[in-house]
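**Q** What follows is a single structure, and I will ask about it in a moment.
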Amino acid sequence: MTAKTLINTLSLPVVESAGGLVCNRHHHILLIFKRGKWDMAKGRIEDLKCPQTSALREVNEETGLAIDKLTVEGKLVSTWHTTRHQNIKYLKKTHWFLMRYDGDDDQTCPQVEEGIIECRWVHLSDLSAYRQLLPVRIDYVVDFWHQNLAYSPRR
């Protein structure tokens, strides 16, 4: 008997993206506001062999943070959701990475052409105020980080 997988069950084309939970030296994470929700920067993977590169590029493009101040510390989790593009439904897998930003609550530049209207640094103690407007998959990523890694000493 063949095991059923999400991909086999839904029979949808799959697209992969990568993004980052960006944390600065003050334990603030960077959220973006897009389509009425708080989210994190992510985008389509261009090189499947190196999703980290795509994640860094997308964080840089969507937030304006200097790419030379961003480092990938490791993989967090992956999330799945359905999405539509040009009337075609897709199954989207997003690879999430923990990123460190070597800076403070530096100024950002939201990528307005992607529908991002604000970027905001949020302290751990203020996260609860944002959870209601986080998509479930983003809340999952933030919660995973918060419960397992937020208080870990930097490597």
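By convention in this document, the chains of the structure tokens carry letters A, B, ... by their order, each chain's residues are numbered from 1, and ligands are numbered from 1 in the order they are shown.
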Enumerate as JSON, numbers by chain all residues of range 44-99 of chain A assigned to strand (DSSP E or B) by DSSP on the backbone, naming them with the chain letters and numbers the document uses.

**A** {"A": [44, 70, 71, 72, 73, 74, 75, 76, 77, 78, 79, 80, 81, 82, 83, 84, 85, 88, 89, 90, 91, 92, 93, 94, 95, 96, 97, 98, 99]}

**Q** Please list as an MDAnalysis selection string every residue within 12 Å of Glu114 in chain A, counting only C-alpha atoms and excluding residues in the same chain fewer than 2 positions away.

**A** chainID A and resid 32:35 41:43 58 61:63 109:112 116:118

**Q** Which of these residues is nearest to Thr71 in chain A, using only C-alpha atoms: A:Ala55, A:Met99, A:Leu124, A:Leu30?

**A**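 Answer, going by the shortest atom-to-atom distance: A:Met99.
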
**Q** Could you write out, as a PyMOL selection string, all the residues of range 47-128 of chain A that DSSP marks as alpha helix (DSSP H)?

**A** chain A and resi 51-63

**Q** Dump C-alpha atoms for the selected residues as a tab-separated table (two decimals), in the first residue's frame?

**A**
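That gives us again-v5.tsv:
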```tsv
chain	number	residue	atom	x	y	z
A	51	PRO	CA	17.16	28.18	-0.78
A	52	GLN	CA	19.11	30.25	1.78
A	53	THR	CA	20.29	32.54	-1.02
A	54	SER	CA	16.70	33.10	-2.14
A	55	ALA	CA	15.63	33.80	1.45
A	56	LEU	CA	18.38	36.41	1.90
A	57	ARG	CA	17.53	38.04	-1.44
A	58	GLU	CA	13.81	38.22	-0.60
A	59	VAL	CA	14.40	39.72	2.86
A	60	ASN	CA	16.67	42.33	1.28
A	61	GLU	CA	14.21	43.15	-1.53
A	62	GLU	CA	11.05	43.22	0.60
A	63	THR	CA	12.44	45.12	3.60
```

**Q** Please produce, as JSON lines, a per-residue contact table for range 52-111 of chain A versus range 126-143 of chain A (criterion: any atom at most 9 Å away, only C-alpha atoms considered), showing the nearest atom pair and its distance in Å to one decimal, sorted by chain then residue number.

**A**
```
{"residue": "A:Leu76", "atom": "CA", "partner": "A:Val141", "partner_atom": "CA", "distance": 7.4}
{"residue": "A:Val77", "atom": "CA", "partner": "A:Val141", "partner_atom": "CA", "distance": 6.8}
{"residue": "A:Ser78", "atom": "CA", "partner": "A:Val141", "partner_atom": "CA", "distance": 8.3}
{"residue": "A:Thr79", "atom": "CA", "partner": "A:Arg137", "partner_atom": "CA", "distance": 6.2}
{"residue": "A:Trp80", "atom": "CA", "partner": "A:Arg137", "partner_atom": "CA", "distance": 7.7}
{"residue": "A:His81", "atom": "CA", "partner": "A:Arg137", "partner_atom": "CA", "distance": 8.0}
{"residue": "A:Trp96", "atom": "CA", "partner": "A:Val141", "partner_atom": "CA", "distance": 7.6}
```

**Q** Convert the current residue selection to file output with C-alpha atoms, as a tab-separated table (two decimals), in the first residue's frame.

**A**
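Now in part39.tsv:
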```tsv
chain	number	residue	atom	x	y	z
A	76	LEU	CA	13.62	26.68	11.22
A	77	VAL	CA	10.69	24.80	9.69
A	78	SER	CA	8.75	24.50	6.44
A	79	THR	CA	5.12	25.45	5.96
A	80	TRP	CA	2.57	24.51	3.29
A	81	HIS	CA	-0.44	26.42	2.00
A	96	TRP	CA	11.86	29.31	6.76
```
